[in-house]
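What follows is the content of structure_29.txt, which has compact mmCIF, N, CA and C atoms:
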# COMPACT_ATOMS: atom_id res chain seq x y z
N MET A 123 -47.38 11.70 22.25
CA MET A 123 -46.16 11.42 22.98
C MET A 123 -45.83 9.93 22.92
N LYS A 124 -46.88 9.09 22.98
CA LYS A 124 -46.67 7.65 22.95
C LYS A 124 -46.11 7.22 21.59
N LYS A 125 -46.59 7.84 20.51
CA LYS A 125 -46.11 7.53 19.16
C LYS A 125 -44.62 7.90 19.02
N ILE A 126 -44.24 9.02 19.56
CA ILE A 126 -42.84 9.44 19.50
C ILE A 126 -41.97 8.43 20.24
N SER A 127 -42.41 7.98 21.38
CA SER A 127 -41.67 6.98 22.15
C SER A 127 -41.49 5.69 21.37
N ILE A 128 -42.54 5.26 20.71
CA ILE A 128 -42.47 4.03 19.92
C ILE A 128 -41.50 4.21 18.75
N VAL A 129 -41.60 5.33 18.04
CA VAL A 129 -40.72 5.59 16.90
C VAL A 129 -39.26 5.66 17.37
N LEU A 130 -39.00 6.35 18.46
CA LEU A 130 -37.63 6.43 18.98
C LEU A 130 -37.11 5.05 19.41
N SER A 131 -37.97 4.26 20.01
CA SER A 131 -37.58 2.91 20.42
C SER A 131 -37.22 2.05 19.21
N ILE A 132 -38.01 2.15 18.16
CA ILE A 132 -37.74 1.38 16.94
C ILE A 132 -36.43 1.86 16.30
N LEU A 133 -36.23 3.17 16.22
CA LEU A 133 -34.99 3.70 15.66
C LEU A 133 -33.77 3.26 16.48
N PHE A 134 -33.90 3.27 17.79
CA PHE A 134 -32.81 2.83 18.66
C PHE A 134 -32.51 1.34 18.43
N ALA A 135 -33.53 0.52 18.34
CA ALA A 135 -33.35 -0.92 18.10
C ALA A 135 -32.69 -1.18 16.75
N LEU A 136 -33.12 -0.46 15.72
CA LEU A 136 -32.50 -0.62 14.40
C LEU A 136 -31.04 -0.20 14.40
N THR A 137 -30.73 0.87 15.11
CA THR A 137 -29.34 1.32 15.22
C THR A 137 -28.48 0.26 15.89
N ILE A 138 -28.97 -0.32 16.97
CA ILE A 138 -28.23 -1.37 17.68
C ILE A 138 -28.05 -2.59 16.78
N LEU A 139 -29.10 -3.01 16.10
CA LEU A 139 -29.00 -4.18 15.21
C LEU A 139 -28.02 -3.92 14.07
N ASN A 140 -28.03 -2.74 13.52
CA ASN A 140 -27.14 -2.40 12.42
C ASN A 140 -25.68 -2.41 12.87
N SER A 141 -25.41 -1.90 14.05
CA SER A 141 -24.02 -1.86 14.53
C SER A 141 -23.51 -3.25 14.88
N CYS A 142 -24.39 -4.16 15.23
CA CYS A 142 -23.98 -5.53 15.56
C CYS A 142 -23.79 -6.39 14.32
N ASN A 143 -24.20 -5.90 13.18
CA ASN A 143 -24.16 -6.70 11.95
C ASN A 143 -22.84 -6.57 11.19
N GLY A 144 -21.86 -5.80 11.72
CA GLY A 144 -20.59 -5.62 11.02
C GLY A 144 -19.88 -6.95 10.82
N GLU A 145 -19.43 -7.16 9.59
CA GLU A 145 -18.77 -8.43 9.26
C GLU A 145 -17.37 -8.43 9.86
N LYS A 146 -17.07 -9.43 10.64
CA LYS A 146 -15.74 -9.62 11.20
C LYS A 146 -15.23 -10.93 10.65
N ARG A 147 -14.02 -10.91 10.11
CA ARG A 147 -13.50 -12.15 9.57
C ARG A 147 -12.02 -12.28 9.87
N ASP A 148 -11.59 -13.52 9.90
CA ASP A 148 -10.19 -13.81 10.16
C ASP A 148 -9.40 -13.68 8.87
N ILE A 149 -8.14 -13.35 9.03
CA ILE A 149 -7.25 -13.29 7.89
C ILE A 149 -7.06 -14.71 7.34
N VAL A 150 -6.99 -14.84 6.03
CA VAL A 150 -6.83 -16.14 5.39
C VAL A 150 -5.37 -16.31 5.00
N LEU A 151 -4.69 -17.20 5.70
CA LEU A 151 -3.30 -17.48 5.41
C LEU A 151 -3.16 -18.96 5.06
N PRO A 152 -2.15 -19.30 4.27
CA PRO A 152 -2.00 -20.70 3.87
C PRO A 152 -1.61 -21.60 5.04
N ASP A 153 -1.83 -22.87 4.88
CA ASP A 153 -1.43 -23.87 5.86
C ASP A 153 0.09 -24.03 5.77
N SER A 154 0.76 -24.07 6.91
CA SER A 154 2.23 -24.14 6.91
C SER A 154 2.75 -25.44 6.30
N ASP A 155 1.92 -26.49 6.23
CA ASP A 155 2.35 -27.76 5.63
C ASP A 155 2.65 -27.62 4.14
N ASN A 156 2.02 -26.66 3.48
CA ASN A 156 2.19 -26.48 2.04
C ASN A 156 3.25 -25.44 1.68
N LEU A 157 3.92 -24.88 2.68
CA LEU A 157 4.86 -23.79 2.43
C LEU A 157 6.30 -24.22 2.58
N ILE A 158 7.14 -23.70 1.70
CA ILE A 158 8.58 -23.88 1.83
C ILE A 158 9.15 -22.75 2.68
N LYS A 159 8.69 -21.52 2.39
CA LYS A 159 9.21 -20.36 3.12
C LYS A 159 8.28 -19.17 2.96
N ILE A 160 8.55 -18.18 3.77
CA ILE A 160 7.88 -16.89 3.67
C ILE A 160 8.97 -15.86 3.43
N ARG A 161 8.80 -15.07 2.38
CA ARG A 161 9.75 -14.02 2.03
C ARG A 161 9.13 -12.67 2.36
N ILE A 162 9.91 -11.80 2.98
CA ILE A 162 9.47 -10.44 3.26
C ILE A 162 10.32 -9.51 2.40
N GLU A 163 9.64 -8.74 1.55
CA GLU A 163 10.31 -7.80 0.67
C GLU A 163 9.85 -6.38 0.99
N LYS A 164 10.78 -5.47 0.97
CA LYS A 164 10.48 -4.06 1.23
C LYS A 164 10.30 -3.34 -0.09
N PHE A 165 9.20 -2.61 -0.22
CA PHE A 165 8.94 -1.79 -1.41
C PHE A 165 9.21 -0.34 -1.05
N GLU A 166 10.20 0.22 -1.75
CA GLU A 166 10.57 1.60 -1.51
C GLU A 166 11.21 2.14 -2.78
N ASP A 167 10.89 3.36 -3.13
CA ASP A 167 11.44 3.99 -4.34
C ASP A 167 11.17 3.14 -5.59
N ASP A 168 9.95 2.64 -5.70
CA ASP A 168 9.51 1.85 -6.86
C ASP A 168 10.32 0.57 -7.08
N ASP A 169 10.87 0.00 -6.00
CA ASP A 169 11.66 -1.22 -6.13
C ASP A 169 11.46 -2.12 -4.92
N TYR A 170 11.49 -3.43 -5.16
CA TYR A 170 11.40 -4.42 -4.09
C TYR A 170 12.79 -4.90 -3.71
N ARG A 171 13.02 -5.12 -2.40
CA ARG A 171 14.29 -5.64 -1.92
C ARG A 171 14.00 -6.66 -0.82
N LEU A 172 14.58 -7.86 -0.94
CA LEU A 172 14.41 -8.91 0.07
C LEU A 172 15.04 -8.46 1.37
N ILE A 173 14.26 -8.52 2.48
CA ILE A 173 14.83 -8.13 3.77
C ILE A 173 14.85 -9.29 4.77
N ASN A 174 14.00 -10.30 4.55
CA ASN A 174 13.96 -11.41 5.49
C ASN A 174 13.31 -12.62 4.83
N GLU A 175 13.67 -13.78 5.36
CA GLU A 175 13.11 -15.02 4.86
C GLU A 175 12.95 -15.97 6.04
N PHE A 176 11.77 -16.57 6.14
CA PHE A 176 11.49 -17.51 7.22
C PHE A 176 11.29 -18.90 6.63
N GLU A 177 11.92 -19.90 7.25
CA GLU A 177 11.80 -21.28 6.78
C GLU A 177 11.57 -22.19 7.98
N GLY A 178 11.16 -23.42 7.69
CA GLY A 178 11.00 -24.45 8.72
C GLY A 178 9.98 -24.06 9.78
N GLU A 179 10.36 -24.22 11.04
CA GLU A 179 9.46 -23.93 12.17
C GLU A 179 9.08 -22.46 12.24
N ASP A 180 9.96 -21.59 11.74
CA ASP A 180 9.67 -20.15 11.78
C ASP A 180 8.45 -19.80 10.93
N VAL A 181 8.21 -20.55 9.85
CA VAL A 181 7.03 -20.32 9.00
C VAL A 181 5.76 -20.50 9.83
N GLU A 182 5.68 -21.60 10.55
CA GLU A 182 4.50 -21.88 11.36
C GLU A 182 4.33 -20.84 12.47
N LYS A 183 5.43 -20.44 13.10
CA LYS A 183 5.36 -19.43 14.16
C LYS A 183 4.83 -18.10 13.63
N ILE A 184 5.34 -17.69 12.47
CA ILE A 184 4.90 -16.43 11.88
C ILE A 184 3.42 -16.50 11.52
N LEU A 185 3.00 -17.58 10.86
CA LEU A 185 1.59 -17.70 10.46
C LEU A 185 0.69 -17.70 11.69
N ASN A 186 1.05 -18.45 12.72
CA ASN A 186 0.23 -18.50 13.93
C ASN A 186 0.14 -17.15 14.62
N LYS A 187 1.27 -16.44 14.65
CA LYS A 187 1.28 -15.12 15.30
C LYS A 187 0.37 -14.15 14.54
N VAL A 188 0.47 -14.13 13.22
CA VAL A 188 -0.36 -13.21 12.42
C VAL A 188 -1.83 -13.60 12.55
N LYS A 189 -2.14 -14.90 12.45
CA LYS A 189 -3.54 -15.34 12.56
C LYS A 189 -4.14 -14.99 13.91
N SER A 190 -3.38 -15.22 14.98
CA SER A 190 -3.95 -15.04 16.32
C SER A 190 -3.99 -13.58 16.77
N GLU A 191 -3.09 -12.74 16.25
CA GLU A 191 -3.01 -11.38 16.77
C GLU A 191 -3.54 -10.30 15.83
N SER A 192 -3.89 -10.67 14.59
CA SER A 192 -4.47 -9.67 13.69
C SER A 192 -5.95 -9.49 14.01
N LYS A 193 -6.42 -8.28 13.83
CA LYS A 193 -7.83 -7.97 14.09
C LYS A 193 -8.42 -7.32 12.84
N PHE A 194 -9.59 -7.81 12.43
CA PHE A 194 -10.23 -7.29 11.23
C PHE A 194 -10.46 -5.79 11.36
N TYR A 195 -10.10 -5.06 10.29
CA TYR A 195 -10.23 -3.61 10.28
C TYR A 195 -11.20 -3.13 9.21
N SER A 196 -11.04 -3.64 7.98
CA SER A 196 -11.86 -3.16 6.88
C SER A 196 -11.81 -4.14 5.71
N ASP A 197 -12.87 -4.14 4.92
CA ASP A 197 -12.88 -4.95 3.69
C ASP A 197 -12.61 -4.08 2.47
N LYS A 198 -12.06 -2.90 2.68
CA LYS A 198 -11.85 -1.93 1.60
C LYS A 198 -10.49 -2.10 0.91
N SER A 199 -10.10 -3.30 0.59
CA SER A 199 -8.87 -3.53 -0.16
C SER A 199 -9.25 -3.70 -1.63
N VAL A 200 -8.99 -2.68 -2.42
CA VAL A 200 -9.46 -2.68 -3.80
C VAL A 200 -8.33 -2.54 -4.82
N ASN A 201 -7.10 -2.73 -4.38
CA ASN A 201 -5.94 -2.61 -5.27
C ASN A 201 -4.97 -3.76 -5.03
N ASP A 202 -4.07 -3.94 -6.00
CA ASP A 202 -3.04 -4.98 -5.86
C ASP A 202 -2.03 -4.64 -4.77
N ILE A 203 -1.75 -3.36 -4.60
CA ILE A 203 -0.82 -2.91 -3.57
C ILE A 203 -1.47 -1.76 -2.80
N PRO A 204 -1.01 -1.50 -1.57
CA PRO A 204 -1.58 -0.39 -0.80
C PRO A 204 -1.38 0.94 -1.51
N THR A 205 -2.37 1.79 -1.43
CA THR A 205 -2.28 3.10 -2.07
C THR A 205 -1.94 4.16 -1.02
N ASN A 206 -1.27 5.21 -1.47
CA ASN A 206 -0.88 6.33 -0.62
C ASN A 206 0.05 5.92 0.52
N ILE A 207 0.81 4.85 0.32
CA ILE A 207 1.80 4.39 1.29
C ILE A 207 3.14 4.37 0.57
N ASP A 208 4.11 5.15 1.05
CA ASP A 208 5.41 5.24 0.37
C ASP A 208 6.26 3.99 0.55
N ILE A 209 6.27 3.45 1.76
CA ILE A 209 7.07 2.27 2.06
C ILE A 209 6.15 1.20 2.63
N PHE A 210 6.19 0.02 2.04
CA PHE A 210 5.44 -1.11 2.59
C PHE A 210 6.23 -2.38 2.36
N TYR A 211 5.81 -3.43 3.01
CA TYR A 211 6.47 -4.72 2.92
C TYR A 211 5.50 -5.73 2.31
N THR A 212 6.03 -6.63 1.52
CA THR A 212 5.20 -7.67 0.92
C THR A 212 5.62 -9.01 1.50
N MET A 213 4.64 -9.72 2.05
CA MET A 213 4.88 -11.05 2.59
C MET A 213 4.44 -12.05 1.52
N LYS A 214 5.41 -12.79 0.97
CA LYS A 214 5.12 -13.77 -0.08
C LYS A 214 5.25 -15.17 0.51
N SER A 215 4.19 -15.93 0.37
CA SER A 215 4.20 -17.33 0.81
C SER A 215 4.61 -18.19 -0.38
N VAL A 216 5.73 -18.89 -0.25
CA VAL A 216 6.25 -19.71 -1.34
C VAL A 216 5.85 -21.16 -1.06
N PHE A 217 5.05 -21.73 -1.96
CA PHE A 217 4.49 -23.07 -1.76
C PHE A 217 5.42 -24.17 -2.24
N SER A 218 5.23 -25.37 -1.69
CA SER A 218 6.07 -26.51 -2.04
C SER A 218 5.80 -27.01 -3.46
N GLU A 219 4.61 -26.84 -3.95
CA GLU A 219 4.28 -27.22 -5.32
C GLU A 219 3.99 -25.96 -6.11
N ASP A 220 3.91 -26.07 -7.40
CA ASP A 220 3.68 -24.90 -8.24
C ASP A 220 2.25 -24.40 -8.07
N MET A 221 2.02 -23.70 -6.97
CA MET A 221 0.69 -23.19 -6.65
C MET A 221 0.66 -21.66 -6.66
N GLY A 222 1.72 -21.05 -7.21
CA GLY A 222 1.78 -19.59 -7.20
C GLY A 222 2.28 -19.09 -5.86
N GLU A 223 2.00 -17.84 -5.56
CA GLU A 223 2.42 -17.24 -4.30
C GLU A 223 1.22 -16.62 -3.61
N GLY A 224 1.19 -16.74 -2.30
CA GLY A 224 0.22 -16.00 -1.50
C GLY A 224 0.83 -14.67 -1.14
N ILE A 225 0.08 -13.60 -1.24
CA ILE A 225 0.63 -12.26 -1.02
C ILE A 225 -0.20 -11.50 0.01
N ALA A 226 0.51 -10.82 0.89
CA ALA A 226 -0.11 -9.87 1.82
C ALA A 226 0.88 -8.71 1.97
N HIS A 227 0.36 -7.53 2.19
CA HIS A 227 1.20 -6.34 2.35
C HIS A 227 1.13 -5.85 3.79
N ILE A 228 2.26 -5.44 4.31
CA ILE A 228 2.37 -4.99 5.70
C ILE A 228 2.84 -3.54 5.65
N TYR A 229 2.18 -2.68 6.44
CA TYR A 229 2.58 -1.27 6.43
C TYR A 229 2.12 -0.55 7.67
N LYS A 230 2.71 0.61 7.86
CA LYS A 230 2.34 1.50 8.97
C LYS A 230 1.67 2.72 8.37
N ASN A 231 0.56 3.15 8.97
CA ASN A 231 -0.15 4.32 8.48
C ASN A 231 -0.81 5.02 9.67
N LYS A 232 -0.45 6.28 9.85
CA LYS A 232 -1.02 7.11 10.92
C LYS A 232 -0.87 6.45 12.29
N GLY A 233 0.29 5.87 12.54
CA GLY A 233 0.59 5.30 13.85
C GLY A 233 0.02 3.92 14.10
N LYS A 234 -0.65 3.34 13.11
CA LYS A 234 -1.22 2.00 13.25
C LYS A 234 -0.50 1.06 12.29
N TYR A 235 -0.54 -0.22 12.60
CA TYR A 235 0.14 -1.23 11.80
C TYR A 235 -0.91 -2.14 11.14
N PHE A 236 -0.71 -2.43 9.85
CA PHE A 236 -1.71 -3.15 9.09
C PHE A 236 -1.09 -4.28 8.28
N ILE A 237 -1.92 -5.29 8.02
CA ILE A 237 -1.62 -6.31 7.03
C ILE A 237 -2.83 -6.35 6.11
N GLU A 238 -2.56 -6.29 4.81
CA GLU A 238 -3.63 -6.20 3.81
C GLU A 238 -3.48 -7.31 2.78
N GLN A 239 -4.56 -8.03 2.57
CA GLN A 239 -4.61 -9.01 1.49
C GLN A 239 -5.40 -8.38 0.36
N PRO A 240 -4.75 -8.24 -0.81
CA PRO A 240 -5.44 -7.58 -1.92
C PRO A 240 -6.82 -8.17 -2.20
N TYR A 241 -7.79 -7.29 -2.25
CA TYR A 241 -9.19 -7.61 -2.56
C TYR A 241 -9.89 -8.48 -1.50
N ASN A 242 -9.22 -8.76 -0.40
CA ASN A 242 -9.82 -9.59 0.65
C ASN A 242 -10.11 -8.80 1.92
N GLY A 243 -9.21 -7.92 2.31
CA GLY A 243 -9.45 -7.14 3.51
C GLY A 243 -8.18 -6.58 4.12
N ILE A 244 -8.38 -5.82 5.19
CA ILE A 244 -7.29 -5.18 5.93
C ILE A 244 -7.47 -5.52 7.40
N TRP A 245 -6.37 -5.88 8.05
CA TRP A 245 -6.37 -6.22 9.46
C TRP A 245 -5.32 -5.39 10.16
N THR A 246 -5.54 -5.07 11.43
CA THR A 246 -4.52 -4.39 12.22
C THR A 246 -3.59 -5.44 12.82
N LEU A 247 -2.38 -5.01 13.08
CA LEU A 247 -1.38 -5.85 13.72
C LEU A 247 -0.81 -5.13 14.93
N PRO A 248 -0.45 -5.86 15.99
CA PRO A 248 0.29 -5.21 17.07
C PRO A 248 1.68 -4.79 16.57
N GLU A 249 2.23 -3.76 17.16
CA GLU A 249 3.54 -3.26 16.74
C GLU A 249 4.60 -4.36 16.82
N GLU A 250 4.54 -5.20 17.83
CA GLU A 250 5.52 -6.27 18.00
C GLU A 250 5.53 -7.22 16.79
N VAL A 251 4.34 -7.60 16.31
CA VAL A 251 4.25 -8.50 15.16
C VAL A 251 4.77 -7.78 13.91
N TYR A 252 4.40 -6.53 13.76
CA TYR A 252 4.90 -5.73 12.63
C TYR A 252 6.43 -5.72 12.63
N ASN A 253 7.02 -5.47 13.79
CA ASN A 253 8.48 -5.42 13.90
C ASN A 253 9.11 -6.77 13.64
N ASP A 254 8.49 -7.85 14.10
CA ASP A 254 9.00 -9.20 13.84
C ASP A 254 9.03 -9.49 12.34
N LEU A 255 8.00 -9.07 11.64
CA LEU A 255 7.91 -9.34 10.21
C LEU A 255 8.84 -8.45 9.38
N THR A 256 9.02 -7.23 9.80
CA THR A 256 9.74 -6.27 8.96
C THR A 256 11.19 -6.02 9.37
N SER A 257 11.66 -6.73 10.39
CA SER A 257 13.06 -6.53 10.78
C SER A 257 13.97 -7.15 9.72
N GLU A 258 15.04 -6.45 9.42
CA GLU A 258 15.94 -6.90 8.35
C GLU A 258 16.89 -7.95 8.87
N LEU A 259 17.37 -8.81 7.93
CA LEU A 259 18.30 -9.89 8.26
C LEU A 259 19.51 -9.39 9.00

Show me the file's structure as structure tokens.
Amino acid sequence: MKKISIVLSILFALTILNSCNGEKRDIVLPDSDNLIKIRIEKFEDDDYRLINEFEGEDVEKILNKVKSESKFYSDKSVNDIPTNIDIFYTMKSVFSEDMGEGIAHIYKNKGKYFIEQPYNGIWTLPEEVYNDLTSEL
């Protein structure tokens, strides 16, 4: 009986340690000092359409809101664009110098709101932030 207690105690401790080891990370967004604007494009019917553009102080507000309110969900981002999602939005960060574009995808799936950075991870967003980002001009 004592051996069973010890084995169960060890298994319980390992289970607790394993559940505490989950990697949590913050979303990586560019510094607003290097950005000219943020463009939000809607992908639907195999086509992108510009729906909103943020410039000036709005860039910093958007970045701060996404950074502070997103919560790590999964590191299972293995494609350039979200899969099995019919409509999604692409947030493109346009830099002041020729540094390319930063890309993140925003979408709703099964009643939850997400922002996904290709090959980096997936984070949940509050509905309010999702609506702020995806509202049309």

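The space between atom CA of A:Asn186 and atom CA of A:Ile244 spans 17.3 Å.
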
Check your understanding: Can you tell me, as a list in words, what residues are no more than 8 Å from A:Ile203 when counting only N, CA and C atoms, ignoring any on the same chain fewer than 3 positions away?
Key -> Val200, Asn206, Ile207, His227, Gln239, Pro240 and Tyr241 of chain A

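With all atoms listed in the file as the atoms that count, the minimum distance from A:Lys164 to the choices A:Tyr195, A:Arg147, A:Asp180, A:Met213 is reached by A:Met213.
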
Practice item. List the residues sitting within 12 Å of (-1.1, -25.6, 4.9) in the file's frame, using only C-alpha atoms, as number ranges by chain. Key: A: 150-159, 181-182, 185-186, 215-219, 221, 224

**Study point:** atom C of A:Glu191 to atom CA of A:Asp208, straight-line distance in Å
**Key:** 23.7 Å

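You can rank A:Ile209, A:Asp197, A:Asn253, A:Ile225 by their closest distance to A:Phe165 using only N, CA and C atoms, and at the top of that list sits A:Ile209.
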
Check your understanding: A:Pro204, A:Ile173, A:Lys193, A:Val188: which is nearest A:Val251, counting all atoms listed in the file?
Key ->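 Closest to A:Val251, using all atoms listed in the file: A:Val188.
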
Check your understanding: At what distance in Å, to one decimal, does atom CA of A:Ser190 lie from atom CA of A:Asp254?
Key ->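 About the pair atom CA of A:Asp254 and atom CA of A:Ser190: they are 14.4 Å apart.
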
Point to revise | Long-range neighbours of A:Ser257 as a list in words, 10 Å cut-off, only C-alpha atoms, 5 positions minimum in chain | key: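 Near A:Ser257, the qualifying residues are Ile162, Ile173, Asn174 and Tyr252 of chain A.
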
Contacts of A:Leu247 at 5 Å or less, counting only N, CA and C atoms, minus same-chain residues fewer than 5 places along, as a PDB file with N, CA and C atoms, in the coordinates of the input?
ATOM      1  N   SER A 192      -3.890 -10.670  14.590  1.00  0.00           N
ATOM      2  CA  SER A 192      -4.470  -9.670  13.690  1.00  0.00           C
ATOM      3  C   SER A 192      -5.950  -9.490  14.010  1.00  0.00           C
ATOM      4  N   TYR A 235      -0.540  -0.220  12.600  1.00  0.00           N
ATOM      5  CA  TYR A 235       0.140  -1.230  11.800  1.00  0.00           C
ATOM      6  C   TYR A 235      -0.910  -2.140  11.140  1.00  0.00           C
ATOM      7  N   PHE A 236      -0.710  -2.430   9.850  1.00  0.00           N
ATOM      8  CA  PHE A 236      -1.710  -3.150   9.090  1.00  0.00           C
ATOM      9  C   PHE A 236      -1.090  -4.280   8.280  1.00  0.00           C
TER      10      PHE A 236
END

Practice item. Enumerate, as a PyMOL selection string, the complete set of residues in chain A that a backbone-based DSSP assignment places in alpha helix (DSSP H). Key: chain A and resi 124-142+179-191+249-256

Residues of the last selection are to be written out with N, CA and C atoms, as a compact mmCIF listing (two decimals), in the frame of the given file.
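Final file, out31.txt:
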# COMPACT_ATOMS: atom_id res chain seq x y z
N LYS A 124 -46.88 9.09 22.98
CA LYS A 124 -46.67 7.65 22.95
C LYS A 124 -46.11 7.22 21.59
N LYS A 125 -46.59 7.84 20.51
CA LYS A 125 -46.11 7.53 19.16
C LYS A 125 -44.62 7.90 19.02
N ILE A 126 -44.24 9.02 19.56
CA ILE A 126 -42.84 9.44 19.50
C ILE A 126 -41.97 8.43 20.24
N SER A 127 -42.41 7.98 21.38
CA SER A 127 -41.67 6.98 22.15
C SER A 127 -41.49 5.69 21.37
N ILE A 128 -42.54 5.26 20.71
CA ILE A 128 -42.47 4.03 19.92
C ILE A 128 -41.50 4.21 18.75
N VAL A 129 -41.60 5.33 18.04
CA VAL A 129 -40.72 5.59 16.90
C VAL A 129 -39.26 5.66 17.37
N LEU A 130 -39.00 6.35 18.46
CA LEU A 130 -37.63 6.43 18.98
C LEU A 130 -37.11 5.05 19.41
N SER A 131 -37.97 4.26 20.01
CA SER A 131 -37.58 2.91 20.42
C SER A 131 -37.22 2.05 19.21
N ILE A 132 -38.01 2.15 18.16
CA ILE A 132 -37.74 1.38 16.94
C ILE A 132 -36.43 1.86 16.30
N LEU A 133 -36.23 3.17 16.22
CA LEU A 133 -34.99 3.70 15.66
C LEU A 133 -33.77 3.26 16.48
N PHE A 134 -33.90 3.27 17.79
CA PHE A 134 -32.81 2.83 18.66
C PHE A 134 -32.51 1.34 18.43
N ALA A 135 -33.53 0.52 18.34
CA ALA A 135 -33.35 -0.92 18.10
C ALA A 135 -32.69 -1.18 16.75
N LEU A 136 -33.12 -0.46 15.72
CA LEU A 136 -32.50 -0.62 14.40
C LEU A 136 -31.04 -0.20 14.40
N THR A 137 -30.73 0.87 15.11
CA THR A 137 -29.34 1.32 15.22
C THR A 137 -28.48 0.26 15.89
N ILE A 138 -28.97 -0.32 16.97
CA ILE A 138 -28.23 -1.37 17.68
C ILE A 138 -28.05 -2.59 16.78
N LEU A 139 -29.10 -3.01 16.10
CA LEU A 139 -29.00 -4.18 15.21
C LEU A 139 -28.02 -3.92 14.07
N ASN A 140 -28.03 -2.74 13.52
CA ASN A 140 -27.14 -2.40 12.42
C ASN A 140 -25.68 -2.41 12.87
N SER A 141 -25.41 -1.90 14.05
CA SER A 141 -24.02 -1.86 14.53
C SER A 141 -23.51 -3.25 14.88
N CYS A 142 -24.39 -4.16 15.23
CA CYS A 142 -23.98 -5.53 15.56
C CYS A 142 -23.79 -6.39 14.32
N GLU A 179 10.36 -24.22 11.04
CA GLU A 179 9.46 -23.93 12.17
C GLU A 179 9.08 -22.46 12.24
N ASP A 180 9.96 -21.59 11.74
CA ASP A 180 9.67 -20.15 11.78
C ASP A 180 8.45 -19.80 10.93
N VAL A 181 8.21 -20.55 9.85
CA VAL A 181 7.03 -20.32 9.00
C VAL A 181 5.76 -20.50 9.83
N GLU A 182 5.68 -21.60 10.55
CA GLU A 182 4.50 -21.88 11.36
C GLU A 182 4.33 -20.84 12.47
N LYS A 183 5.43 -20.44 13.10
CA LYS A 183 5.36 -19.43 14.16
C LYS A 183 4.83 -18.10 13.63
N ILE A 184 5.34 -17.69 12.47
CA ILE A 184 4.90 -16.43 11.88
C ILE A 184 3.42 -16.50 11.52
N LEU A 185 3.00 -17.58 10.86
CA LEU A 185 1.59 -17.70 10.46
C LEU A 185 0.69 -17.70 11.69
N ASN A 186 1.05 -18.45 12.72
CA ASN A 186 0.23 -18.50 13.93
C ASN A 186 0.14 -17.15 14.62
N LYS A 187 1.27 -16.44 14.65
CA LYS A 187 1.28 -15.12 15.30
C LYS A 187 0.37 -14.15 14.54
N VAL A 188 0.47 -14.13 13.22
CA VAL A 188 -0.36 -13.21 12.42
C VAL A 188 -1.83 -13.60 12.55
N LYS A 189 -2.14 -14.90 12.45
CA LYS A 189 -3.54 -15.34 12.56
C LYS A 189 -4.14 -14.99 13.91
N SER A 190 -3.38 -15.22 14.98
CA SER A 190 -3.95 -15.04 16.32
C SER A 190 -3.99 -13.58 16.77
N GLU A 191 -3.09 -12.74 16.25
CA GLU A 191 -3.01 -11.38 16.77
C GLU A 191 -3.54 -10.30 15.83
N GLU A 249 2.23 -3.76 17.16
CA GLU A 249 3.54 -3.26 16.74
C GLU A 249 4.60 -4.36 16.82
N GLU A 250 4.54 -5.20 17.83
CA GLU A 250 5.52 -6.27 18.00
C GLU A 250 5.53 -7.22 16.79
N VAL A 251 4.34 -7.60 16.31
CA VAL A 251 4.25 -8.50 15.16
C VAL A 251 4.77 -7.78 13.91
N TYR A 252 4.40 -6.53 13.76
CA TYR A 252 4.90 -5.73 12.63
C TYR A 252 6.43 -5.72 12.63
N ASN A 253 7.02 -5.47 13.79
CA ASN A 253 8.48 -5.42 13.90
C ASN A 253 9.11 -6.77 13.64
N ASP A 254 8.49 -7.85 14.10
CA ASP A 254 9.00 -9.20 13.84
C ASP A 254 9.03 -9.49 12.34
N LEU A 255 8.00 -9.07 11.64
CA LEU A 255 7.91 -9.34 10.21
C LEU A 255 8.84 -8.45 9.38
N THR A 256 9.02 -7.23 9.80
CA THR A 256 9.74 -6.27 8.96
C THR A 256 11.19 -6.02 9.37

Exercise for review: Just the strand (DSSP E) stuff from chain A, please, per backbone DSSP, written as JSON, numbers by chain.
Suggested key: {"A": [157, 158, 159, 160, 161, 162, 163, 164, 165, 166, 169, 170, 171, 172, 173, 174, 175, 176, 177, 193, 194, 195, 196, 210, 211, 212, 213, 214, 215, 216, 217, 223, 224, 225, 226, 227, 228, 229, 230, 231, 234, 235, 236, 237, 238, 239, 243, 244, 245, 246, 247]}

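Residue nearest A:Lys189 within the list A:Glu223, A:Thr246, A:Lys214, A:Phe176: A:Thr246 [criterion: smallest interatomic distance, only C-alpha atoms].
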
Point to revise | Option closest in space to A:Glu238, from A:Glu250, A:Arg161, A:Ser199, A:Glu177 [counting all atoms listed in the file] | key: A:Ser199

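With only C-alpha atoms as the basis for measurement, A:Asp202 is the residue among A:Glu163, A:Glu179, A:Asp202, A:Asp169 that approaches A:Gly243 most closely.
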
May I have the centre and edge lengths, in Å to one decimal, of an axis-aligned box around the listed atoms of stretch 194-199 of chain A with 4 Å added to every side, as JSON?
{"center_x": -10.9, "center_y": -4.9, "center_z": 5.4, "size_x": 12.0, "size_y": 13.9, "size_z": 22.1}
